[in-house]
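model-v6.cif follows (mmCIF, N, CA and C atoms):
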```
data_work
#
loop_
_atom_site.label_atom_id
_atom_site.label_comp_id
_atom_site.auth_asym_id
_atom_site.auth_seq_id
_atom_site.Cartn_x
_atom_site.Cartn_y
_atom_site.Cartn_z
N MET U 1201 25.13 1.67 208.41
CA MET U 1201 23.82 1.56 209.03
C MET U 1201 23.48 2.83 209.81
N LYS U 1202 24.46 3.38 210.54
CA LYS U 1202 24.20 4.58 211.32
C LYS U 1202 23.90 5.77 210.41
N ASN U 1203 24.58 5.86 209.27
CA ASN U 1203 24.32 6.96 208.34
C ASN U 1203 22.90 6.86 207.78
N TRP U 1204 22.47 5.64 207.48
CA TRP U 1204 21.11 5.43 206.99
C TRP U 1204 20.11 5.86 208.05
N TYR U 1205 20.34 5.50 209.28
CA TYR U 1205 19.41 5.81 210.36
C TYR U 1205 19.32 7.32 210.58
N LYS U 1206 20.44 8.02 210.46
CA LYS U 1206 20.44 9.47 210.64
C LYS U 1206 19.67 10.17 209.54
N SER U 1207 19.63 9.58 208.35
CA SER U 1207 19.02 10.26 207.21
C SER U 1207 17.52 10.03 207.10
N ILE U 1208 16.94 9.10 207.85
CA ILE U 1208 15.50 8.88 207.74
C ILE U 1208 14.75 9.88 208.62
N THR U 1209 13.51 10.16 208.24
CA THR U 1209 12.71 11.15 208.95
C THR U 1209 12.13 10.57 210.22
N ARG U 1210 11.57 11.45 211.04
CA ARG U 1210 10.96 11.02 212.30
C ARG U 1210 9.78 10.08 212.04
N GLY U 1211 9.00 10.37 211.02
CA GLY U 1211 7.86 9.52 210.67
C GLY U 1211 8.29 8.13 210.25
N GLN U 1212 9.39 8.04 209.52
CA GLN U 1212 9.91 6.74 209.12
C GLN U 1212 10.42 5.96 210.32
N LYS U 1213 11.03 6.66 211.28
CA LYS U 1213 11.50 5.98 212.50
C LYS U 1213 10.31 5.42 213.28
N ILE U 1214 9.26 6.22 213.40
CA ILE U 1214 8.06 5.75 214.11
C ILE U 1214 7.49 4.52 213.41
N PHE U 1215 7.42 4.57 212.08
CA PHE U 1215 6.91 3.43 211.31
C PHE U 1215 7.75 2.19 211.58
N LEU U 1216 9.07 2.31 211.60
CA LEU U 1216 9.93 1.16 211.86
C LEU U 1216 9.72 0.59 213.25
N TYR U 1217 9.57 1.48 214.25
CA TYR U 1217 9.33 1.00 215.62
C TYR U 1217 7.99 0.27 215.72
N VAL U 1218 6.95 0.82 215.09
CA VAL U 1218 5.63 0.19 215.13
C VAL U 1218 5.67 -1.16 214.42
N LEU U 1219 6.29 -1.19 213.25
CA LEU U 1219 6.40 -2.43 212.50
C LEU U 1219 7.15 -3.50 213.30
N SER U 1220 8.25 -3.14 213.91
CA SER U 1220 9.01 -4.11 214.71
C SER U 1220 8.21 -4.58 215.92
N SER U 1221 7.49 -3.66 216.54
CA SER U 1221 6.67 -4.03 217.70
C SER U 1221 5.56 -5.00 217.31
N VAL U 1222 4.93 -4.75 216.17
CA VAL U 1222 3.88 -5.66 215.69
C VAL U 1222 4.47 -7.03 215.38
N LEU U 1223 5.63 -7.05 214.76
CA LEU U 1223 6.27 -8.34 214.46
C LEU U 1223 6.62 -9.10 215.73
N VAL U 1224 7.02 -8.39 216.77
CA VAL U 1224 7.31 -9.04 218.05
C VAL U 1224 6.04 -9.66 218.60
N LEU U 1225 4.96 -8.91 218.58
CA LEU U 1225 3.71 -9.41 219.14
C LEU U 1225 3.13 -10.57 218.32
N VAL U 1226 3.23 -10.50 217.01
CA VAL U 1226 2.60 -11.51 216.16
C VAL U 1226 3.50 -12.72 215.94
N TYR U 1227 4.74 -12.49 215.58
CA TYR U 1227 5.61 -13.60 215.18
C TYR U 1227 6.83 -13.78 216.07
N ALA U 1228 7.12 -12.83 216.93
CA ALA U 1228 8.33 -12.83 217.76
C ALA U 1228 9.59 -12.80 216.89
N VAL U 1229 9.48 -12.21 215.69
CA VAL U 1229 10.60 -12.13 214.76
C VAL U 1229 11.22 -10.73 214.81
N GLY U 1230 10.44 -9.72 215.14
CA GLY U 1230 10.90 -8.35 215.06
C GLY U 1230 11.72 -7.89 216.24
N LEU U 1231 12.04 -8.78 217.15
CA LEU U 1231 12.78 -8.38 218.34
C LEU U 1231 14.19 -7.90 218.00
N VAL U 1232 14.86 -8.58 217.12
CA VAL U 1232 16.22 -8.18 216.74
C VAL U 1232 16.22 -6.82 216.04
N PRO U 1233 15.36 -6.58 215.03
CA PRO U 1233 15.34 -5.25 214.42
C PRO U 1233 14.94 -4.16 215.43
N LEU U 1234 14.03 -4.46 216.34
CA LEU U 1234 13.62 -3.48 217.34
C LEU U 1234 14.79 -3.13 218.25
N LEU U 1235 15.53 -4.12 218.68
CA LEU U 1235 16.71 -3.86 219.51
C LEU U 1235 17.77 -3.06 218.75
N LEU U 1236 17.92 -3.35 217.47
CA LEU U 1236 18.87 -2.60 216.64
C LEU U 1236 18.45 -1.14 216.51
N LEU U 1237 17.16 -0.90 216.32
CA LEU U 1237 16.66 0.48 216.23
C LEU U 1237 16.88 1.23 217.54
N ILE U 1238 16.63 0.56 218.65
CA ILE U 1238 16.83 1.21 219.95
C ILE U 1238 18.31 1.51 220.15
N TYR U 1239 19.17 0.59 219.78
CA TYR U 1239 20.62 0.82 219.89
C TYR U 1239 21.05 2.02 219.06
N LEU U 1240 20.55 2.10 217.83
CA LEU U 1240 20.91 3.22 216.95
C LEU U 1240 20.39 4.54 217.50
N GLU U 1241 19.20 4.53 218.06
CA GLU U 1241 18.63 5.76 218.63
C GLU U 1241 19.45 6.21 219.83
N LEU U 1242 19.81 5.30 220.70
CA LEU U 1242 20.60 5.67 221.88
C LEU U 1242 21.99 6.13 221.48
N GLY U 1243 22.58 5.47 220.51
CA GLY U 1243 23.89 5.88 220.03
C GLY U 1243 23.84 7.23 219.34
N ASN U 1244 22.75 7.49 218.64
CA ASN U 1244 22.59 8.75 217.93
C ASN U 1244 22.47 9.91 218.91
N SER U 1245 21.70 9.75 219.97
CA SER U 1245 21.52 10.84 220.93
C SER U 1245 22.78 11.07 221.75
N SER U 1246 23.51 10.02 222.08
CA SER U 1246 24.73 10.22 222.86
C SER U 1246 25.84 10.82 222.00
N ASN U 1247 25.90 10.48 220.73
CA ASN U 1247 26.92 11.05 219.84
C ASN U 1247 26.67 12.52 219.60
N SER U 1248 25.42 12.94 219.49
CA SER U 1248 25.13 14.35 219.21
C SER U 1248 25.47 15.22 220.40
N LYS U 1249 25.37 14.70 221.62
CA LYS U 1249 25.72 15.47 222.81
C LYS U 1249 27.23 15.68 222.89
N VAL U 1250 27.99 14.69 222.46
CA VAL U 1250 29.44 14.77 222.55
C VAL U 1250 29.99 15.79 221.54
N THR U 1251 29.39 15.82 220.35
CA THR U 1251 29.92 16.68 219.28
C THR U 1251 29.50 18.13 219.45
N GLU U 1252 28.48 18.41 220.21
CA GLU U 1252 28.01 19.79 220.36
C GLU U 1252 28.77 20.55 221.38
#
```
Render the structure in this file as structure tokens.
Amino acid sequence: MKNWYKSITRGQKIFLYVLSSVLVLVYAVGLVPLLLLIYLELGNSSNSKVTE
């Protein structure tokens, strides 16, 4: 999952965040994917600082 997240573009990440946010507002279903995306983003930024 982390490799997939690293390989997507910034535009695709924005699309995923918007889609999850809309699902949260409309159906309250997108909360889990939104939390997963936030976790991956935080993990991605902290990992890149350690390796540099």
* Which is closer to U:Lys1206 than all the others in U:Pro1233, U:Leu1240, U:Val1224, U:Leu1219, using only N, CA and C atoms? ->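 Closest candidate: U:Leu1240.
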re atom C of U:Tyr1227 and atom CA of U:Gly1243: distance 26.3 Å
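Interatomic distance, atom CA of U:Ser1220 against atom CA of U:Leu1236: 10.2 Å.
Between U:Ser1221 and the candidates U:Tyr1239, U:Ile1208, U:Leu1234, U:Asn1203, the tightest atom-to-atom separation, counting all atoms listed in the file, involves U:Leu1234.
We find atom CA of U:Leu1242 and atom N of U:Leu1216 to be spaced 15.8 Å apart.
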request  = For U:Tyr1217, work out the shell of residues within 8 Å, counting only N, CA and C atoms and skipping chain neighbours fewer than 4 positions away, then give it as a PyMOL selection string.
outcome  = chain U and resi 1211-1213+1221-1223+1233-1234+1237-1238
